[in-house]
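Have a look at the structure below, then the notes.
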Amino acid sequence: MMEENISAIATPPGKGGVAIIRISGKNPLDIAKKMFTPVGKTAVEDFEPYRMYPGQIDGGNFCDYGLCVYFKAPASYTGEDIVEFQCHGGESVARGILKQTFRMGAKPAGRGEFTKRAFLNGKLSLASAEGVADMINGESEAEVKAGYLLYSEKLTNTVRDLQSELKTLLAGIDVSVDYPEEDIEEQHVQELAIALQGLRMRLSTLTASYAVGKKIKSGVTVAICGKPNTGKSSLLNRMLGYDKAIVSEIAGTTRDAVEGVLEIDGRKFNLYDTAGVRESGDRIENIGIERAESIIRSADVAVFVTETMQQLDDEDARVLEMVKGKPLIKVINKIDLTNDETETDADVLTSAVTGEGIARLKELLYEKGFGERGEDAAFLIEERHFEALTRANDALKRAIDACGMQPLDLIGIDVKEAWDALGEITGETATEAIIEEIFSKFCVGK
Ligand code: GDP
């Protein structure tokens, strides 16, 4: 499908070595012809695809010296003809050249419009397009890795395999419905139930991986809690490696929950420094305390900090009560201030000043957040995929329950519903609204 030419700056805003302006559509080379003067003898219309040509790029009121490359349909990102200009990486340079492409007839590209065209032209599945967005938006290496697996159609291929098996089962159901034979049908229903059960198990394995995938995408929430002045902000800063939270010697100054994002072995952790959870007459501080309590309650992992060998009191007991049932790491901080070697039940002894125990604390955070380190499998990271797979699984459960109880054509309806739910992942049965929503999350130029 050859649409009108659209163009956008493909590189991020700001200054850089190079900026790229991308035009995709039915004849971007015609636009290039009007605004690019090659250095060599080859005229723009004779450009060989996938080769860089140096020359002068017209920015309307100025010129730049840069490169032009032509990608020939369908072997391009969008599946259409594409021309890209590489110019000097200044915002005004790139914007001027972009405006010139508009003057030459290109339309401004909408958010994710290049990738949307790629999807509509069958270059990638809907899940793969979402993988592109996950890679771009990924804040940790694990997220990028999971995004790449999506992008490279790993999930789509698995889903297509399941769909094709469902299709075969549906065809069998159709035959039985059209040519019913009592004794054969009974055997068929039994075999069908076994086959559907097998498919359900595969779906369940996929949906189970969302427990980890979800944490990869949104990060493990960690509440650092304990009495004021035990060194919570200092520990947070030490873990992040920079001064994020405000450290103060006056008890109760960490009034707000300060968030810092930490990457441990490629995985994301959202750290919350909670205000001192304690009784206070100060109104603003009380608001902070309420907020801290809600963070502590909703956290995936709690880090409970006390000072060196300090006896636990009622305040500590209150915090410990709040984190009951949650993965907990007990930290004794300010270890640099003592030589006391008394046995404790702490998981780790730290010093935010010298850095002692910080690596171990990070290791414990990883273990409590994700369990044992394992191979980075193809985790489900998109809630949309999780929901579609769950719906497919539910439909198959209904189909299995109906086996032997209901006529085959009714069972077929549930099986078809499972097939449709899977199609939402690949894009086959995704509605226009779903597609719009997915691409609206992209940036312009992708
Ligand atoms: P918070 O109220 O629990 O967040 O505690 P802060 O991080 O604000 O620290 C309170 C005080 O203890 C500050 O003066 C810190 O410099 C100090 N402090 C924090 N951690 C350590 C540590 O490991 N060793 C020593 N000697 N002082 C620390």
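In the structure tokens, the first chain shown is A, the next is B, and so on; residue numbers restart at 1 for each chain, and ligands run from 1 in the order shown.
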Within 10 Å of A:Lys34 using only C-alpha atoms, minus same-chain residues under 4 positions, as a PyMOL selection string: chain A and resi 29-30+44+57-58+100-101+104
Counting only C-alpha atoms, what is within 10 Å of A:Lys214, bar same-chain residues fewer than 6 positions away, as JSON, numbers by chain? {"A": [143, 220, 379, 380, 381, 382, 383, 386]}
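Shortest separation to ligand 1 among A:Gly231, A:Pro13, A:Gly423, A:Gly66 occurs at residue A:Gly231, atoms counted being only C-alpha atoms and all ligand atoms.
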Expected answer as a PyMOL selection string: strand (DSSP E or B) residues in stretch 105-257 of chain A: chain A and resi 107-108+111+220-226
So that I can see what lies close to stretch 116-121 of chain A, please list as a list in words the residues with an atom at most 9 Å from it, counting only C-alpha atoms and leaving out residues fewer than 2 positions away in the same chain.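 Result of the neighbour search: Met1, Glu3, Pro74, Ser76, Tyr77, Thr78, Gly79, Glu80, Arg111, Gly112, Glu113, Phe114, Lys123, Leu124, Ser125, Leu126, Ser128, Ala129, Gly427, Ile435, Glu436, Phe439 and Lys446 of chain A.
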DSSP alpha helix (DSSP H) residues within stretch 120-326 of chain A, listed as a CSV table (one decimal) with N, CA and C atoms, in the first residue's frame:
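Generated output (result.csv):
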```csv
chain,number,residue,atom,x,y,z
A,120,LEU,N,0.6,-2.0,9.2
A,120,LEU,CA,-0.5,-2.1,8.2
A,120,LEU,C,0.0,-2.8,6.9
A,126,LEU,N,1.4,-6.6,15.6
A,126,LEU,CA,1.1,-5.6,16.5
A,126,LEU,C,2.0,-5.7,17.8
A,127,ALA,N,2.1,-7.0,18.2
A,127,ALA,CA,3.0,-7.2,19.4
A,127,ALA,C,4.4,-6.8,19.1
A,128,SER,N,4.9,-7.0,17.9
A,128,SER,CA,6.2,-6.6,17.5
A,128,SER,C,6.4,-5.0,17.6
A,129,ALA,N,5.3,-4.3,17.1
A,129,ALA,CA,5.3,-2.9,17.2
A,129,ALA,C,5.4,-2.4,18.7
A,130,GLU,N,4.7,-3.2,19.5
A,130,GLU,CA,4.7,-2.8,21.0
A,130,GLU,C,6.1,-3.1,21.5
A,131,GLY,N,6.8,-4.1,21.0
A,131,GLY,CA,8.2,-4.4,21.4
A,131,GLY,C,9.1,-3.2,21.1
A,132,VAL,N,8.8,-2.6,19.9
A,132,VAL,CA,9.6,-1.4,19.5
A,132,VAL,C,9.5,-0.3,20.6
A,133,ALA,N,8.2,-0.1,21.0
A,133,ALA,CA,7.9,1.0,22.0
A,133,ALA,C,8.6,0.6,23.3
A,134,ASP,N,8.5,-0.7,23.7
A,134,ASP,CA,9.1,-1.1,24.9
A,134,ASP,C,10.6,-0.9,24.9
A,135,MET,N,11.2,-1.2,23.7
A,135,MET,CA,12.7,-0.9,23.7
A,135,MET,C,13.0,0.5,23.8
A,136,ILE,N,12.2,1.4,23.1
A,136,ILE,CA,12.5,2.8,23.2
A,136,ILE,C,12.3,3.4,24.6
A,137,ASN,N,11.2,2.9,25.2
A,137,ASN,CA,10.8,3.4,26.5
A,137,ASN,C,11.5,2.7,27.7
A,141,GLU,N,17.9,-2.7,31.3
A,141,GLU,CA,18.4,-3.6,30.3
A,141,GLU,C,17.4,-4.8,30.1
A,142,ALA,N,16.8,-5.2,31.2
A,142,ALA,CA,15.9,-6.4,31.1
A,142,ALA,C,14.6,-6.0,30.3
A,143,GLU,N,14.2,-4.7,30.4
A,143,GLU,CA,13.1,-4.2,29.7
A,143,GLU,C,13.4,-4.2,28.2
A,144,VAL,N,14.6,-3.7,27.9
A,144,VAL,CA,15.0,-3.6,26.5
A,144,VAL,C,15.1,-5.0,25.9
A,145,LYS,N,15.6,-6.0,26.7
A,145,LYS,CA,15.8,-7.4,26.3
A,145,LYS,C,14.4,-7.9,26.0
A,146,ALA,N,13.5,-7.8,26.9
A,146,ALA,CA,12.1,-8.3,26.7
A,146,ALA,C,11.4,-7.6,25.5
A,147,GLY,N,11.7,-6.3,25.4
A,147,GLY,CA,11.1,-5.6,24.2
A,147,GLY,C,11.7,-6.1,22.9
A,148,TYR,N,12.9,-6.4,22.9
A,148,TYR,CA,13.6,-7.0,21.7
A,148,TYR,C,13.0,-8.3,21.3
A,149,LEU,N,12.7,-9.2,22.3
A,149,LEU,CA,12.1,-10.5,22.1
A,149,LEU,C,10.7,-10.3,21.4
A,150,LEU,N,10.0,-9.3,22.0
A,150,LEU,CA,8.6,-9.0,21.4
A,150,LEU,C,8.8,-8.5,20.0
A,151,TYR,N,9.7,-7.6,19.8
A,151,TYR,CA,9.9,-7.0,18.5
A,151,TYR,C,10.3,-8.0,17.5
A,154,LYS,N,9.0,-13.1,18.8
A,154,LYS,CA,9.0,-14.3,19.6
A,154,LYS,C,7.6,-14.7,20.1
A,155,LEU,N,6.9,-13.7,20.7
A,155,LEU,CA,5.6,-14.0,21.3
A,155,LEU,C,4.6,-14.3,20.1
A,156,THR,N,4.7,-13.4,19.1
A,156,THR,CA,3.8,-13.6,17.9
A,156,THR,C,3.9,-15.0,17.3
A,157,ASN,N,5.1,-15.5,17.2
A,157,ASN,CA,5.3,-16.8,16.6
A,157,ASN,C,4.7,-17.9,17.5
A,158,THR,N,4.9,-17.8,18.9
A,158,THR,CA,4.2,-18.7,19.8
A,158,THR,C,2.7,-18.6,19.7
A,159,VAL,N,2.2,-17.4,19.6
A,159,VAL,CA,0.8,-17.2,19.5
A,159,VAL,C,0.2,-17.8,18.2
A,160,ARG,N,1.0,-17.6,17.1
A,160,ARG,CA,0.5,-18.1,15.8
A,160,ARG,C,0.5,-19.6,15.8
A,161,ASP,N,1.5,-20.2,16.5
A,161,ASP,CA,1.4,-21.7,16.6
A,161,ASP,C,0.2,-22.1,17.3
A,162,LEU,N,-0.2,-21.5,18.4
A,162,LEU,CA,-1.4,-21.8,19.1
A,162,LEU,C,-2.6,-21.6,18.3
A,163,GLN,N,-2.6,-20.5,17.5
A,163,GLN,CA,-3.8,-20.2,16.7
A,163,GLN,C,-3.9,-21.2,15.6
A,164,SER,N,-2.8,-21.7,15.0
A,164,SER,CA,-2.9,-22.6,13.9
A,164,SER,C,-3.4,-24.0,14.5
A,165,GLU,N,-3.0,-24.3,15.7
A,165,GLU,CA,-3.6,-25.6,16.2
A,165,GLU,C,-5.1,-25.5,16.5
A,166,LEU,N,-5.5,-24.3,17.0
A,166,LEU,CA,-6.9,-24.0,17.3
A,166,LEU,C,-7.7,-24.1,15.9
A,167,LYS,N,-7.1,-23.6,14.9
A,167,LYS,CA,-7.7,-23.6,13.6
A,167,LYS,C,-8.0,-25.0,13.1
A,168,THR,N,-6.9,-25.9,13.3
A,168,THR,CA,-7.1,-27.3,12.9
A,168,THR,C,-8.2,-27.9,13.7
A,169,LEU,N,-8.3,-27.6,15.0
A,169,LEU,CA,-9.3,-28.2,15.9
A,169,LEU,C,-10.7,-27.7,15.4
A,170,LEU,N,-10.8,-26.4,15.0
A,170,LEU,CA,-12.0,-25.8,14.6
A,170,LEU,C,-12.5,-26.5,13.3
A,171,ALA,N,-11.5,-26.8,12.4
A,171,ALA,CA,-11.8,-27.5,11.1
A,171,ALA,C,-12.4,-28.8,11.4
A,172,GLY,N,-11.8,-29.6,12.4
A,172,GLY,CA,-12.3,-30.9,12.8
A,172,GLY,C,-13.7,-30.8,13.3
A,173,ILE,N,-14.0,-29.7,14.1
A,173,ILE,CA,-15.3,-29.5,14.7
A,173,ILE,C,-16.3,-29.3,13.6
A,174,ASP,N,-15.9,-28.5,12.6
A,174,ASP,CA,-16.8,-28.2,11.5
A,174,ASP,C,-17.2,-29.5,10.7
A,175,VAL,N,-16.2,-30.3,10.5
A,175,VAL,CA,-16.5,-31.6,9.8
A,175,VAL,C,-17.5,-32.4,10.5
A,176,SER,N,-17.2,-32.6,11.9
A,176,SER,CA,-18.1,-33.4,12.7
A,176,SER,C,-19.5,-32.8,12.7
A,177,VAL,N,-19.6,-31.5,12.7
A,177,VAL,CA,-20.9,-30.9,12.8
A,177,VAL,C,-21.7,-31.1,11.4
A,178,ASP,N,-20.9,-31.0,10.3
A,178,ASP,CA,-21.5,-31.2,9.0
A,178,ASP,C,-21.9,-32.7,8.7
A,182,GLU,N,-22.5,-40.7,15.4
A,182,GLU,CA,-22.6,-40.9,16.9
A,182,GLU,C,-21.2,-41.4,17.5
A,183,ASP,N,-20.8,-42.6,17.1
A,183,ASP,CA,-19.7,-43.2,17.8
A,183,ASP,C,-18.4,-42.4,17.5
A,184,ILE,N,-18.2,-42.0,16.3
A,184,ILE,CA,-17.0,-41.2,16.0
A,184,ILE,C,-17.0,-39.9,16.8
A,185,GLU,N,-18.2,-39.3,16.9
A,185,GLU,CA,-18.2,-38.0,17.6
A,185,GLU,C,-17.8,-38.1,19.1
A,186,GLU,N,-18.2,-39.2,19.7
A,186,GLU,CA,-17.8,-39.4,21.1
A,186,GLU,C,-16.2,-39.4,21.3
A,187,GLN,N,-15.6,-40.1,20.4
A,187,GLN,CA,-14.2,-40.2,20.4
A,187,GLN,C,-13.5,-38.9,20.1
A,188,HIS,N,-14.1,-38.2,19.1
A,188,HIS,CA,-13.6,-36.9,18.7
A,188,HIS,C,-13.7,-35.9,19.9
A,189,VAL,N,-14.8,-35.9,20.6
A,189,VAL,CA,-14.9,-35.0,21.7
A,189,VAL,C,-13.8,-35.2,22.8
A,190,GLN,N,-13.6,-36.5,23.0
A,190,GLN,CA,-12.5,-36.9,24.0
A,190,GLN,C,-11.2,-36.3,23.5
A,191,GLU,N,-10.9,-36.6,22.3
A,191,GLU,CA,-9.6,-36.1,21.8
A,191,GLU,C,-9.5,-34.6,21.8
A,192,LEU,N,-10.6,-34.0,21.5
A,192,LEU,CA,-10.7,-32.5,21.4
A,192,LEU,C,-10.4,-32.0,22.8
A,193,ALA,N,-11.0,-32.6,23.8
A,193,ALA,CA,-10.8,-32.1,25.2
A,193,ALA,C,-9.3,-32.2,25.6
A,194,ILE,N,-8.7,-33.3,25.2
A,194,ILE,CA,-7.2,-33.5,25.5
A,194,ILE,C,-6.4,-32.5,24.8
A,195,ALA,N,-6.7,-32.2,23.6
A,195,ALA,CA,-5.9,-31.2,22.8
A,195,ALA,C,-6.1,-29.8,23.4
A,196,LEU,N,-7.3,-29.5,23.8
A,196,LEU,CA,-7.6,-28.2,24.3
A,196,LEU,C,-6.9,-28.0,25.7
A,197,GLN,N,-6.8,-29.1,26.4
A,197,GLN,CA,-6.1,-29.1,27.7
A,197,GLN,C,-4.6,-28.8,27.5
A,198,GLY,N,-4.1,-29.4,26.5
A,198,GLY,CA,-2.6,-29.1,26.2
A,198,GLY,C,-2.4,-27.7,25.9
A,199,LEU,N,-3.3,-27.1,25.1
A,199,LEU,CA,-3.2,-25.7,24.7
A,199,LEU,C,-3.3,-24.8,25.9
A,200,ARG,N,-4.2,-25.2,26.8
A,200,ARG,CA,-4.4,-24.4,28.0
A,200,ARG,C,-3.1,-24.4,28.9
A,201,MET,N,-2.5,-25.5,28.9
A,201,MET,CA,-1.2,-25.6,29.7
A,201,MET,C,-0.2,-24.6,29.1
A,202,ARG,N,-0.1,-24.6,27.8
A,202,ARG,CA,0.9,-23.7,27.2
A,202,ARG,C,0.5,-22.2,27.4
A,203,LEU,N,-0.8,-21.9,27.4
A,203,LEU,CA,-1.3,-20.6,27.7
A,203,LEU,C,-0.9,-20.2,29.1
A,204,SER,N,-1.1,-21.1,30.0
A,204,SER,CA,-0.9,-20.9,31.4
A,204,SER,C,0.6,-20.6,31.7
A,205,THR,N,1.5,-21.3,31.0
A,205,THR,CA,2.9,-21.0,31.1
A,205,THR,C,3.2,-19.6,30.7
A,206,LEU,N,2.6,-19.2,29.6
A,206,LEU,CA,2.8,-17.8,29.2
A,206,LEU,C,2.3,-16.8,30.2
A,207,THR,N,1.1,-16.9,30.6
A,207,THR,CA,0.5,-15.9,31.5
A,207,THR,C,1.2,-15.9,32.9
A,208,ALA,N,1.8,-17.1,33.3
A,208,ALA,CA,2.5,-17.1,34.5
A,208,ALA,C,3.8,-16.3,34.5
A,210,TYR,N,4.0,-13.5,33.4
A,210,TYR,CA,3.7,-12.1,33.5
A,210,TYR,C,4.1,-11.6,35.0
A,211,ALA,N,4.1,-12.5,35.9
A,211,ALA,CA,4.4,-12.1,37.3
A,211,ALA,C,5.8,-11.5,37.3
A,212,VAL,N,6.7,-12.0,36.6
A,212,VAL,CA,8.1,-11.4,36.6
A,212,VAL,C,8.1,-10.3,35.5
A,213,GLY,N,7.4,-10.5,34.4
A,213,GLY,CA,7.4,-9.5,33.3
A,213,GLY,C,6.9,-8.2,33.8
A,214,LYS,N,5.9,-8.3,34.6
A,214,LYS,CA,5.3,-7.0,35.1
A,214,LYS,C,6.3,-6.2,35.9
A,215,LYS,N,7.0,-7.0,36.7
A,215,LYS,CA,8.0,-6.3,37.6
A,215,LYS,C,9.2,-5.8,36.7
A,216,ILE,N,9.5,-6.5,35.6
A,216,ILE,CA,10.5,-6.0,34.7
A,216,ILE,C,10.1,-4.7,34.1
A,217,LYS,N,8.8,-4.6,33.8
A,217,LYS,CA,8.4,-3.4,33.1
A,217,LYS,C,8.2,-2.2,34.1
A,218,SER,N,7.5,-2.5,35.2
A,218,SER,CA,7.2,-1.3,36.1
A,218,SER,C,8.2,-1.2,37.2
A,232,LYS,N,18.2,6.3,56.4
A,232,LYS,CA,17.4,5.7,55.2
A,232,LYS,C,17.8,6.5,53.9
A,233,SER,N,17.7,7.9,54.0
A,233,SER,CA,18.1,8.7,52.9
A,233,SER,C,19.5,8.5,52.4
A,234,SER,N,20.4,8.4,53.4
A,234,SER,CA,21.8,8.2,53.1
A,234,SER,C,22.0,6.8,52.4
A,235,LEU,N,21.3,5.8,52.8
A,235,LEU,CA,21.4,4.5,52.2
A,235,LEU,C,20.9,4.5,50.7
A,236,LEU,N,19.8,5.3,50.6
A,236,LEU,CA,19.2,5.4,49.2
A,236,LEU,C,20.2,6.1,48.3
A,237,ASN,N,20.8,7.2,48.8
A,237,ASN,CA,21.8,7.9,48.0
A,237,ASN,C,22.9,7.0,47.7
A,238,ARG,N,23.4,6.3,48.6
A,238,ARG,CA,24.6,5.4,48.5
A,238,ARG,C,24.2,4.4,47.4
A,239,MET,N,23.0,3.8,47.4
A,239,MET,CA,22.7,2.8,46.5
A,239,MET,C,22.5,3.4,45.1
A,240,LEU,N,22.0,4.6,45.0
A,240,LEU,CA,21.8,5.2,43.7
A,240,LEU,C,23.1,5.8,43.2
A,283,ARG,N,1.6,19.0,61.4
A,283,ARG,CA,0.6,18.6,60.4
A,283,ARG,C,1.2,18.1,59.1
A,284,ILE,N,2.1,18.9,58.6
A,284,ILE,CA,2.7,18.5,57.3
A,284,ILE,C,3.4,17.2,57.4
A,285,GLU,N,4.1,17.1,58.5
A,285,GLU,CA,4.8,15.8,58.7
A,285,GLU,C,3.9,14.6,58.8
A,286,ASN,N,2.7,14.9,59.4
A,286,ASN,CA,1.7,13.8,59.5
A,286,ASN,C,1.2,13.4,58.1
A,287,ILE,N,1.1,14.3,57.2
A,287,ILE,CA,0.7,13.9,55.8
A,287,ILE,C,1.8,13.0,55.2
A,288,GLY,N,3.0,13.4,55.5
A,288,GLY,CA,4.1,12.6,55.0
A,288,GLY,C,4.1,11.2,55.6
A,289,ILE,N,3.7,11.1,56.8
A,289,ILE,CA,3.7,9.8,57.5
A,289,ILE,C,2.6,9.0,56.9
A,290,GLU,N,1.4,9.6,56.6
A,290,GLU,CA,0.3,8.8,56.0
A,290,GLU,C,0.8,8.3,54.6
A,291,ARG,N,1.5,9.2,53.9
A,291,ARG,CA,1.9,8.7,52.6
A,291,ARG,C,2.9,7.6,52.7
A,292,ALA,N,3.8,7.7,53.6
A,292,ALA,CA,4.8,6.7,53.9
A,292,ALA,C,4.1,5.4,54.2
A,293,GLU,N,3.1,5.5,55.0
A,293,GLU,CA,2.4,4.2,55.4
A,293,GLU,C,1.8,3.5,54.2
A,294,SER,N,1.2,4.4,53.3
A,294,SER,CA,0.6,3.7,52.1
A,294,SER,C,1.7,3.2,51.2
A,295,ILE,N,2.8,3.8,51.1
A,295,ILE,CA,3.9,3.3,50.3
A,295,ILE,C,4.4,1.9,50.9
A,296,ILE,N,4.6,2.0,52.2
A,296,ILE,CA,5.1,0.7,52.8
A,296,ILE,C,4.1,-0.4,52.6
A,297,ARG,N,2.8,-0.1,52.7
A,297,ARG,CA,1.8,-1.2,52.6
A,297,ARG,C,1.8,-1.7,51.1
A,298,SER,N,2.0,-0.9,50.1
A,298,SER,CA,1.9,-1.3,48.8
A,298,SER,C,3.2,-1.8,48.1
A,314,ASP,N,8.8,0.5,70.4
A,314,ASP,CA,7.4,0.4,69.9
A,314,ASP,C,7.3,0.9,68.5
A,315,GLU,N,8.1,2.0,68.2
A,315,GLU,CA,8.0,2.6,66.9
A,315,GLU,C,8.5,1.6,65.8
A,316,ASP,N,9.6,0.9,66.1
A,316,ASP,CA,10.1,-0.1,65.2
A,316,ASP,C,9.0,-1.2,65.1
A,317,ALA,N,8.4,-1.6,66.2
A,317,ALA,CA,7.4,-2.7,66.2
A,317,ALA,C,6.3,-2.3,65.3
A,318,ARG,N,5.9,-1.0,65.3
A,318,ARG,CA,4.8,-0.5,64.4
A,318,ARG,C,5.1,-0.7,62.9
A,319,VAL,N,6.4,-0.3,62.6
A,319,VAL,CA,6.8,-0.5,61.2
A,319,VAL,C,6.8,-1.9,60.8
A,320,LEU,N,7.4,-2.8,61.7
A,320,LEU,CA,7.5,-4.2,61.4
A,320,LEU,C,6.1,-4.8,61.2
A,321,GLU,N,5.1,-4.3,62.0
A,321,GLU,CA,3.8,-4.8,61.9
A,321,GLU,C,3.2,-4.5,60.5
A,322,MET,N,3.6,-3.3,60.0
A,322,MET,CA,3.0,-2.8,58.7
A,322,MET,C,3.6,-3.7,57.6
```
Would you pick out the contacts of A:Gly25 at 7 Å or less, using only C-alpha atoms, so that residues sharing its chain but fewer than 5 positions from it are not included, and give the list as a ChimeraX atom specification? /A:2-6,80-82
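With only C-alpha atoms as the atoms that count, the minimum distance from A:Pro49 to the choices A:Glu417, A:Cys68, A:Asn27, A:Ile329 is reached by A:Cys68.
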So the first atom is atom CA of A:Ala10 and the second is atom CA of A:Val444; what is the distance between them in Å, to one decimal place? 7.5 Å
Between atom CA of A:Phe370 and atom 8 (O, counted along the ligand's line) of ligand 1 - distance in Å to one decimal: 28.6 Å
Ranking A:Thr221, A:Thr274, A:Asn61, A:Thr11 by minimum distance to A:Tyr366 and counting only C-alpha atoms, which one comes first?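 Of A:Thr221, A:Thr274, A:Asn61, A:Thr11, the one nearest A:Tyr366 is A:Thr221, counting only C-alpha atoms.
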Pick the closest to A:Leu389 from A:Trp419, A:Tyr65, A:Phe442, A:Tyr272: which is it, counting only C-alpha atoms?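 Distance minimum relative to A:Leu389 lands on A:Trp419.
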Top pick for closest residue to ligand 1, considering A:Ile332, A:Leu422, A:Ala32, A:Ala399 and counting only C-alpha atoms and all ligand atoms: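 Ranking A:Ile332, A:Leu422, A:Ala32, A:Ala399 by distance to ligand 1, first place goes to A:Ile332.
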What's the separation between atom CA of A:Val305 and atom CA of A:Gly241, in Å to one decimal place? 18.6 Å
Give me the residues near A:Cys87 as an NGL selection string, where near means some atom within 9 Å (using only C-alpha atoms) and where sequence neighbours in that chain fewer than 5 positions away do not count. :A and (17-21 or 57 or 64-68 or 93-94 or 97)
Pick from A:Pro180, A:Gly122, A:Gly219, A:Pro28: nearest to A:Lys72, with only C-alpha atoms counted? A:Pro28
